file protein-v4.cif (mmCIF, C-alpha atoms, pLDDT in the B column; chains and numbers go by the auth columns)
data_protein
#
loop_
_atom_site.group_PDB
_atom_site.id
_atom_site.type_symbol
_atom_site.label_atom_id
_atom_site.label_comp_id
_atom_site.label_asym_id
_atom_site.label_seq_id
_atom_site.Cartn_x
_atom_site.Cartn_y
_atom_site.Cartn_z
_atom_site.B_iso_or_equiv
_atom_site.auth_seq_id
_atom_site.auth_asym_id
ATOM 1 C CA GLN A 1 -23.320 -21.634 45.240 80.00 1 A
ATOM 2 C CA VAL A 2 -24.336 -18.987 42.730 87.00 2 A
ATOM 3 C CA GLN A 3 -28.001 -18.693 41.819 94.00 3 A
ATOM 4 C CA LEU A 4 -28.799 -18.036 38.166 97.00 4 A
ATOM 5 C CA VAL A 5 -31.968 -16.355 36.871 97.00 5 A
ATOM 6 C CA GLU A 6 -32.717 -16.151 33.160 98.00 6 A
ATOM 7 C CA SER A 7 -34.970 -13.539 31.574 98.00 7 A
ATOM 8 C CA GLY A 8 -35.807 -12.106 28.179 98.00 8 A
ATOM 9 C CA GLY A 9 -37.597 -15.025 26.591 98.00 9 A
ATOM 10 C CA GLY A 10 -40.911 -14.716 24.801 98.00 10 A
ATOM 11 C CA LEU A 11 -42.767 -15.079 21.529 98.00 11 A
ATOM 12 C CA VAL A 12 -41.115 -13.680 18.416 98.00 12 A
ATOM 13 C CA GLN A 13 -41.781 -13.993 14.698 98.00 13 A
ATOM 14 C CA PRO A 14 -39.327 -15.774 12.394 98.00 14 A
ATOM 15 C CA GLY A 15 -36.496 -13.427 11.489 98.00 15 A
ATOM 16 C CA GLY A 16 -36.862 -11.497 14.714 98.00 16 A
ATOM 17 C CA SER A 17 -34.462 -10.953 17.592 98.00 17 A
ATOM 18 C CA LEU A 18 -34.364 -11.470 21.329 98.00 18 A
ATOM 19 C CA ARG A 19 -31.747 -10.866 23.985 98.00 19 A
ATOM 20 C CA LEU A 20 -31.610 -13.261 26.895 98.00 20 A
ATOM 21 C CA SER A 21 -30.037 -12.317 30.205 98.00 21 A
ATOM 22 C CA CYS A 22 -28.772 -14.524 33.003 98.00 22 A
ATOM 23 C CA SER A 23 -28.279 -12.702 36.289 97.00 23 A
ATOM 24 C CA ALA A 24 -26.063 -14.294 38.913 96.00 24 A
ATOM 25 C CA SER A 25 -26.557 -13.845 42.655 95.00 25 A
ATOM 26 C CA GLY A 26 -22.856 -13.271 43.201 91.00 26 A
ATOM 27 C CA SER A 27 -19.732 -12.205 41.417 91.00 27 A
ATOM 28 C CA ILE A 28 -18.972 -13.974 38.151 91.00 28 A
ATOM 29 C CA SER A 29 -15.513 -12.453 37.805 90.00 29 A
ATOM 30 C CA ASN A 30 -13.814 -15.679 38.854 89.00 30 A
ATOM 31 C CA ILE A 31 -16.155 -17.996 36.986 91.00 31 A
ATOM 32 C CA GLY A 32 -14.241 -19.264 34.003 90.00 32 A
ATOM 33 C CA TYR A 33 -17.000 -21.120 32.154 94.00 33 A
ATOM 34 C CA MET A 34 -20.449 -19.736 31.370 96.00 34 A
ATOM 35 C CA ALA A 35 -22.789 -21.099 28.756 98.00 35 A
ATOM 36 C CA TRP A 36 -26.258 -21.176 27.268 98.00 36 A
ATOM 37 C CA HIS A 37 -28.006 -24.453 26.542 98.00 37 A
ATOM 38 C CA ARG A 38 -31.459 -25.144 25.161 98.00 38 A
ATOM 39 C CA GLN A 39 -33.948 -27.971 25.208 98.00 39 A
ATOM 40 C CA ALA A 40 -36.780 -28.351 22.740 97.00 40 A
ATOM 41 C CA PRO A 41 -39.759 -30.642 23.421 92.00 41 A
ATOM 42 C CA GLY A 42 -38.806 -34.268 22.899 94.00 42 A
ATOM 43 C CA LYS A 43 -35.145 -33.452 22.377 96.00 43 A
ATOM 44 C CA GLU A 44 -32.031 -33.598 24.482 97.00 44 A
ATOM 45 C CA ARG A 45 -30.522 -30.472 25.989 97.00 45 A
ATOM 46 C CA GLU A 46 -27.868 -29.040 23.689 97.00 46 A
ATOM 47 C CA LEU A 47 -25.087 -26.507 24.018 98.00 47 A
ATOM 48 C CA VAL A 48 -25.890 -23.252 22.237 98.00 48 A
ATOM 49 C CA ALA A 49 -22.832 -21.189 23.118 98.00 49 A
ATOM 50 C CA ARG A 50 -20.201 -20.871 25.797 97.00 50 A
ATOM 51 C CA ILE A 51 -17.782 -18.170 26.822 96.00 51 A
ATOM 52 C CA ILE A 52 -14.617 -18.375 28.837 91.00 52 A
ATOM 53 C CA ASN A 53 -13.460 -15.568 31.121 81.00 53 A
ATOM 54 C CA GLY A 54 -11.166 -13.599 28.866 75.00 54 A
ATOM 55 C CA GLY A 55 -13.587 -13.665 25.958 75.00 55 A
ATOM 56 C CA SER A 56 -13.022 -16.902 24.054 91.00 56 A
ATOM 57 C CA SER A 57 -16.367 -18.155 22.770 96.00 57 A
ATOM 58 C CA PHE A 58 -17.776 -21.198 21.013 97.00 58 A
ATOM 59 C CA TYR A 59 -21.065 -21.670 19.159 97.00 59 A
ATOM 60 C CA GLY A 60 -23.094 -24.648 18.103 97.00 60 A
ATOM 61 C CA ASP A 61 -23.302 -25.099 14.356 97.00 61 A
ATOM 62 C CA SER A 62 -27.034 -24.377 14.263 96.00 62 A
ATOM 63 C CA VAL A 63 -26.635 -20.869 15.737 98.00 63 A
ATOM 64 C CA LYS A 64 -23.240 -19.812 14.409 98.00 64 A
ATOM 65 C CA GLY A 65 -23.436 -16.393 12.757 97.00 65 A
ATOM 66 C CA ARG A 66 -26.843 -15.620 14.277 98.00 66 A
ATOM 67 C CA PHE A 67 -26.290 -15.713 18.058 98.00 67 A
ATOM 68 C CA THR A 68 -23.737 -13.841 20.144 98.00 68 A
ATOM 69 C CA ILE A 69 -22.788 -14.700 23.706 97.00 69 A
ATOM 70 C CA SER A 70 -21.294 -12.086 25.989 95.00 70 A
ATOM 71 C CA ARG A 71 -20.723 -11.448 29.659 94.00 71 A
ATOM 72 C CA ASP A 72 -20.566 -8.337 31.813 94.00 72 A
ATOM 73 C CA ASN A 73 -18.587 -9.167 34.917 92.00 73 A
ATOM 74 C CA ALA A 74 -19.380 -5.784 36.483 95.00 74 A
ATOM 75 C CA LYS A 75 -23.101 -6.559 36.276 97.00 75 A
ATOM 76 C CA ASN A 76 -22.731 -10.272 37.052 96.00 76 A
ATOM 77 C CA THR A 77 -24.732 -11.036 33.931 97.00 77 A
ATOM 78 C CA LEU A 78 -24.436 -13.355 30.956 97.00 78 A
ATOM 79 C CA TYR A 79 -26.200 -12.463 27.703 97.00 79 A
ATOM 80 C CA LEU A 80 -27.301 -14.198 24.544 98.00 80 A
ATOM 81 C CA GLN A 81 -28.196 -11.978 21.604 98.00 81 A
ATOM 82 C CA MET A 82 -30.294 -13.987 19.160 98.00 82 A
ATOM 83 C CA ASN A 83 -30.878 -12.662 15.655 98.00 83 A
ATOM 84 C CA SER A 84 -32.541 -14.119 12.553 98.00 84 A
ATOM 85 C CA LEU A 85 -34.551 -16.456 14.733 98.00 85 A
ATOM 86 C CA LYS A 86 -36.052 -19.574 13.193 98.00 86 A
ATOM 87 C CA PRO A 87 -38.921 -21.795 14.341 97.00 87 A
ATOM 88 C CA GLU A 88 -36.361 -24.500 15.134 97.00 88 A
ATOM 89 C CA ASP A 89 -34.847 -22.178 17.755 98.00 89 A
ATOM 90 C CA THR A 90 -37.977 -22.702 19.858 98.00 90 A
ATOM 91 C CA ALA A 91 -36.888 -24.169 23.180 98.00 91 A
ATOM 92 C CA VAL A 92 -36.347 -23.492 26.848 98.00 92 A
ATOM 93 C CA TYR A 93 -33.013 -21.722 27.210 98.00 93 A
ATOM 94 C CA TYR A 94 -30.865 -22.323 30.278 98.00 94 A
ATOM 95 C CA CYS A 95 -27.737 -20.609 31.484 97.00 95 A
ATOM 96 C CA ASN A 96 -25.052 -22.674 33.117 96.00 96 A
ATOM 97 C CA THR A 97 -21.799 -22.098 34.964 95.00 97 A
ATOM 98 C CA ILE A 98 -18.975 -24.375 36.001 92.00 98 A
ATOM 99 C CA HIS A 99 -16.685 -23.156 38.773 88.00 99 A
ATOM 100 C CA LEU A 100 -14.347 -25.182 40.958 89.00 100 A
ATOM 101 C CA GLY A 101 -16.085 -28.341 39.834 89.00 101 A
ATOM 102 C CA VAL A 102 -19.563 -27.104 40.758 91.00 102 A
ATOM 103 C CA VAL A 103 -22.162 -26.987 37.998 93.00 103 A
ATOM 104 C CA ASN A 104 -25.026 -24.501 38.329 95.00 104 A
ATOM 105 C CA TRP A 105 -28.152 -24.144 36.200 97.00 105 A
ATOM 106 C CA GLY A 106 -30.842 -21.531 35.989 97.00 106 A
ATOM 107 C CA GLN A 107 -34.540 -22.359 35.822 97.00 107 A
ATOM 108 C CA GLY A 108 -34.805 -21.574 32.114 97.00 108 A
ATOM 109 C CA THR A 109 -36.697 -19.111 29.951 98.00 109 A
ATOM 110 C CA GLN A 110 -39.024 -20.082 27.109 98.00 110 A
ATOM 111 C CA VAL A 111 -38.305 -18.837 23.603 98.00 111 A
ATOM 112 C CA THR A 112 -40.985 -19.441 20.991 98.00 112 A
ATOM 113 C CA VAL A 113 -40.426 -18.527 17.346 98.00 113 A
ATOM 114 C CA SER A 114 -43.675 -18.598 15.425 97.00 114 A
ATOM 115 C CA SER A 115 -45.756 -16.535 13.046 96.00 115 A
#
call {"tool": "encode", "arguments": {"input": "protein-v4.cif", "output": "structure tokens"}}
result
Amino acid sequence: QVQLVESGGGLVQPGGSLRLSCSASGSISNIGYMAWHRQAPGKERELVARIINGGSSFYGDSVKGRFTISRDNAKNTLYLQMNSLKPEDTAVYYCNTIHLGVVNWGQGTQVTVSS
């Protein structure tokens, strides 16, 4: 079972940028589905973006045009570039993989957008 560790969260002003990373303990080359989710206080966890091995990506409506998901199979790392951040992007961000029916989650990284 692959272990996932997120990093890159923090406090940023509205309009700013952050890049989140999700490092996997093993090879991600054969993992078809990788995604970022987020959960704000008092709200359900929601899908932010997902990427399929081969490059096909999908974004939630609230982040489309501002966030970019990517993966580097050589570094076993998933990324989320977040631009034009808004206060409503404040949440704990989790990376997630699905491989051979097994779902893995990282521990999350806090992103706070505030002036």
call {"tool": "atom_distance", "arguments": {"input": "protein-v4.cif", "atom1": "CA of Tyr94 (chain A)", "atom2": "CA of Glu6 (chain A)"}}
result
7.1 Å
call {"tool": "residues_around", "arguments": {"input": "protein-v4.cif", "residues": "Gln39 (chain A)", "least_positions_apart": "6", "cutoff": "9 Å", "atoms": "all atoms listed in the file", "output": "PyMOL selection string"}}
result
chain A and resi 45-46+90-94
call {"tool": "resolve_selection", "arguments": {"input": "protein-v4.cif", "expression": "the PyMOL selection byres ((chain A and resi 53-66) around 7)", "output": "mmCIF file with C-alpha atoms, in the frame of the given file"}}
result
data_model
loop_
_atom_site.group_PDB
_atom_site.id
_atom_site.type_symbol
_atom_site.label_atom_id
_atom_site.label_comp_id
_atom_site.auth_asym_id
_atom_site.auth_seq_id
_atom_site.Cartn_x
_atom_site.Cartn_y
_atom_site.Cartn_z
ATOM 1 C CA ILE A 31 -16.155 -17.996 36.986
ATOM 2 C CA GLY A 32 -14.241 -19.264 34.003
ATOM 3 C CA TYR A 33 -17.000 -21.120 32.154
ATOM 4 C CA LEU A 47 -25.087 -26.507 24.018
ATOM 5 C CA VAL A 48 -25.890 -23.252 22.237
ATOM 6 C CA ALA A 49 -22.832 -21.189 23.118
ATOM 7 C CA ARG A 50 -20.201 -20.871 25.797
ATOM 8 C CA ILE A 51 -17.782 -18.170 26.822
ATOM 9 C CA ILE A 52 -14.617 -18.375 28.837
ATOM 10 C CA PHE A 67 -26.290 -15.713 18.058
ATOM 11 C CA THR A 68 -23.737 -13.841 20.144
ATOM 12 C CA MET A 82 -30.294 -13.987 19.160
ATOM 13 C CA ASN A 83 -30.878 -12.662 15.655
ATOM 14 C CA SER A 84 -32.541 -14.119 12.553
#
call {"tool": "resolve_selection", "arguments": {"input": "protein-v4.cif", "expression": "the PyMOL selection byres ((chain A and resi 85) around 7)", "output": "NGL selection string"}}
result
:A and (14-17 or 82-84 or 86-87 or 89 or 113)
call {"tool": "residues_around", "arguments": {"input": "protein-v4.cif", "residues": "Leu20 (chain A)", "least_positions_apart": "6", "cutoff": "6 Å", "atoms": "all atoms listed in the file", "output": "NGL selection string"}}
result
:A and (7-8 or 79-80)
call {"tool": "resolve_selection", "arguments": {"input": "protein-v4.cif", "expression": "the PyMOL selection byres ((chain A and resi 101) around 12)", "output": "MDAnalysis selection string"}}
result
chainID A and resid 1 31:33 97:100 102:104
call {"tool": "write_last_selection", "arguments": {"input": "protein-v4.cif", "atoms": "C-alpha atoms", "output": "JSON list (two decimals), in the coordinates of the input"}}
result
[["chain", "number", "residue", "atom", "x", "y", "z"],
["A", 1, "GLN", "CA", -23.32, -21.63, 45.24],
["A", 31, "ILE", "CA", -16.16, -18.00, 36.99],
["A", 32, "GLY", "CA", -14.24, -19.26, 34.00],
["A", 33, "TYR", "CA", -17.00, -21.12, 32.15],
["A", 97, "THR", "CA", -21.80, -22.10, 34.96],
["A", 98, "ILE", "CA", -18.98, -24.38, 36.00],
["A", 99, "HIS", "CA", -16.68, -23.16, 38.77],
["A", 100, "LEU", "CA", -14.35, -25.18, 40.96],
["A", 102, "VAL", "CA", -19.56, -27.10, 40.76],
["A", 103, "VAL", "CA", -22.16, -26.99, 38.00],
["A", 104, "ASN", "CA", -25.03, -24.50, 38.33]]
call {"tool": "atom_distance", "arguments": {"input": "protein-v4.cif", "atom1": "CA of Arg38 (chain A)", "atom2": "CA of Ala24 (chain A)"}}
result
18.3 Å
call {"tool": "atom_distance", "arguments": {"input": "protein-v4.cif", "atom1": "CA of Gly9 (chain A)", "atom2": "CA of Ser21 (chain A)"}}
result
8.8 Å
call {"tool": "residues_near_point", "arguments": {"input": "protein-v4.cif", "point": "(-39.3, -11.4, 25.0)", "cutoff": "8 Å", "atoms": "only C-alpha atoms", "output": "short mmCIF file (atom, residue, chain, number, x, y, z; two decimals) with C-alpha atoms, keeping the file's coordinate frame"}}
result
data_model
loop_
_atom_site.label_atom_id
_atom_site.label_comp_id
_atom_site.auth_asym_id
_atom_site.auth_seq_id
_atom_site.Cartn_x
_atom_site.Cartn_y
_atom_site.Cartn_z
CA GLY A 8 -35.81 -12.11 28.18
CA GLY A 9 -37.60 -15.02 26.59
CA GLY A 10 -40.91 -14.72 24.80
CA LEU A 11 -42.77 -15.08 21.53
CA VAL A 12 -41.12 -13.68 18.42
CA LEU A 18 -34.36 -11.47 21.33
CA ARG A 19 -31.75 -10.87 23.98
CA VAL A 111 -38.30 -18.84 23.60
#
call {"tool": "residues_around", "arguments": {"input": "protein-v4.cif", "residues": "Ser29 (chain A)", "least_positions_apart": "6", "cutoff": "8 Å", "atoms": "all atoms listed in the file", "output": "list of chain:residue names"}}
result
A:Asn53, A:Asn73, A:Ala74, A:Asn76
call {"tool": "closest_residue", "arguments": {"input": "protein-v4.cif", "among": "A:Thr109, A:Glu44, A:Leu4, A:Ser114", "to": "Cys22 (chain A)", "atoms": "only C-alpha atoms"}}
result
A:Leu4
call {"tool": "closest_residue", "arguments": {"input": "protein-v4.cif", "among": "A:Ala40, A:Ala35, A:Leu78, A:Ile69", "to": "Val5 (chain A)", "atoms": "all atoms listed in the file"}}
result
A:Leu78
call {"tool": "decode", "arguments": {"input": "protein-v4.cif", "residues": "region 21-62 of chain A", "atoms": "N, CA and C atoms", "output": "CSV table (one decimal), in the first residue's frame"}}
result
chain,number,residue,atom,x,y,z
A,21,SER,N,2.5,19.6,-3.1
A,21,SER,CA,3.1,18.3,-3.5
A,21,SER,C,2.6,17.2,-2.7
A,22,CYS,N,2.5,16.0,-3.4
A,22,CYS,CA,2.1,14.8,-2.7
A,22,CYS,C,3.1,13.7,-3.1
A,23,SER,N,4.0,13.4,-2.2
A,23,SER,CA,5.0,12.4,-2.4
A,23,SER,C,4.6,11.0,-2.0
A,24,ALA,N,4.7,10.1,-3.0
A,24,ALA,CA,4.4,8.7,-2.7
A,24,ALA,C,5.6,7.8,-2.3
A,25,SER,N,5.3,6.8,-1.4
A,25,SER,CA,6.4,6.0,-0.9
A,25,SER,C,6.9,5.0,-1.9
A,26,GLY,N,6.1,4.8,-3.0
A,26,GLY,CA,6.6,3.9,-4.0
A,26,GLY,C,6.3,4.4,-5.4
A,27,SER,N,6.5,3.6,-6.4
A,27,SER,CA,6.3,4.1,-7.8
A,27,SER,C,4.8,4.4,-8.1
A,28,ILE,N,4.6,5.5,-8.8
A,28,ILE,CA,3.2,5.8,-9.1
A,28,ILE,C,3.0,5.5,-10.6
A,29,SER,N,4.0,5.0,-11.3
A,29,SER,CA,3.9,4.8,-12.7
A,29,SER,C,2.7,4.0,-13.2
A,30,ASN,N,2.3,3.0,-12.3
A,30,ASN,CA,1.2,2.1,-12.7
A,30,ASN,C,-0.1,2.6,-12.0
A,31,ILE,N,-0.1,3.7,-11.3
A,31,ILE,CA,-1.3,4.2,-10.7
A,31,ILE,C,-2.1,5.0,-11.6
A,32,GLY,N,-3.2,4.5,-12.0
A,32,GLY,CA,-4.0,5.3,-13.1
A,32,GLY,C,-4.7,6.5,-12.6
A,33,TYR,N,-5.2,6.5,-11.4
A,33,TYR,CA,-6.0,7.6,-10.8
A,33,TYR,C,-5.3,8.3,-9.7
A,34,MET,N,-5.1,9.6,-9.8
A,34,MET,CA,-4.5,10.4,-8.7
A,34,MET,C,-5.4,11.7,-8.7
A,35,ALA,N,-5.6,12.1,-7.4
A,35,ALA,CA,-6.5,13.3,-7.3
A,35,ALA,C,-6.2,14.1,-6.1
A,36,TRP,N,-6.7,15.3,-6.1
A,36,TRP,CA,-6.6,16.2,-4.9
A,36,TRP,C,-8.1,16.5,-4.5
A,37,HIS,N,-8.3,16.4,-3.2
A,37,HIS,CA,-9.6,16.7,-2.6
A,37,HIS,C,-9.3,17.8,-1.6
A,38,ARG,N,-10.4,18.4,-1.1
A,38,ARG,CA,-10.3,19.4,0.0
A,38,ARG,C,-11.5,19.3,0.8
A,39,GLN,N,-11.3,19.7,2.1
A,39,GLN,CA,-12.4,19.8,3.0
A,39,GLN,C,-12.3,21.0,3.9
A,40,ALA,N,-13.3,21.9,3.8
A,40,ALA,CA,-13.3,23.1,4.6
A,40,ALA,C,-14.1,22.8,5.9
A,41,PRO,N,-13.9,23.6,6.9
A,41,PRO,CA,-14.6,23.4,8.2
A,41,PRO,C,-16.1,23.4,7.9
A,42,GLY,N,-16.8,22.4,8.5
A,42,GLY,CA,-18.2,22.3,8.4
A,42,GLY,C,-18.8,21.8,7.0
A,43,LYS,N,-17.9,21.5,6.1
A,43,LYS,CA,-18.3,21.1,4.8
A,43,LYS,C,-17.8,19.7,4.4
A,44,GLU,N,-18.4,19.1,3.4
A,44,GLU,CA,-18.0,17.8,3.0
A,44,GLU,C,-16.8,17.9,2.2
A,45,ARG,N,-16.0,16.8,2.1
A,45,ARG,CA,-14.8,16.7,1.3
A,45,ARG,C,-15.3,16.7,-0.2
A,46,GLU,N,-14.6,17.5,-1.0
A,46,GLU,CA,-14.9,17.6,-2.4
A,46,GLU,C,-13.7,17.4,-3.3
A,47,LEU,N,-14.0,16.9,-4.5
A,47,LEU,CA,-13.0,16.7,-5.5
A,47,LEU,C,-12.5,18.1,-6.0
A,48,VAL,N,-11.2,18.3,-6.0
A,48,VAL,CA,-10.7,19.5,-6.6
A,48,VAL,C,-10.2,19.3,-8.0
A,49,ALA,N,-9.4,18.2,-8.2
A,49,ALA,CA,-8.9,17.9,-9.5
A,49,ALA,C,-8.4,16.4,-9.5
A,50,ARG,N,-8.5,15.8,-10.7
A,50,ARG,CA,-7.9,14.5,-10.8
A,50,ARG,C,-7.2,14.3,-12.1
A,51,ILE,N,-6.2,13.4,-12.1
A,51,ILE,CA,-5.5,13.2,-13.3
A,51,ILE,C,-5.3,11.7,-13.5
A,52,ILE,N,-5.4,11.3,-14.8
A,52,ILE,CA,-5.3,9.9,-15.1
A,52,ILE,C,-3.9,9.7,-15.8
A,53,ASN,N,-3.3,8.6,-15.5
A,53,ASN,CA,-2.0,8.3,-16.1
A,53,ASN,C,-2.2,8.4,-17.7
A,54,GLY,N,-1.3,9.2,-18.3
A,54,GLY,CA,-1.5,9.5,-19.7
A,54,GLY,C,-1.9,11.0,-19.9
A,55,GLY,N,-2.3,11.7,-18.7
A,55,GLY,CA,-2.4,13.1,-18.8
A,55,GLY,C,-3.8,13.7,-18.7
A,56,SER,N,-4.9,12.9,-18.9
A,56,SER,CA,-6.2,13.4,-18.9
A,56,SER,C,-6.6,13.9,-17.6
A,57,SER,N,-7.1,15.2,-17.5
A,57,SER,CA,-7.4,15.8,-16.2
A,57,SER,C,-8.8,16.3,-16.2
A,58,PHE,N,-9.2,16.5,-14.9
A,58,PHE,CA,-10.6,17.0,-14.7
A,58,PHE,C,-10.5,18.0,-13.5
A,59,TYR,N,-11.3,19.1,-13.6
A,59,TYR,CA,-11.3,20.1,-12.5
A,59,TYR,C,-12.7,20.4,-12.0
A,60,GLY,N,-12.8,20.6,-10.7
A,60,GLY,CA,-14.1,21.1,-10.2
A,60,GLY,C,-14.4,22.5,-10.7
A,61,ASP,N,-15.6,22.8,-10.8
A,61,ASP,CA,-16.0,24.1,-11.4
A,61,ASP,C,-15.4,25.3,-10.6
A,62,SER,N,-15.3,25.1,-9.3
A,62,SER,CA,-14.8,26.3,-8.5
A,62,SER,C,-13.3,26.6,-8.7
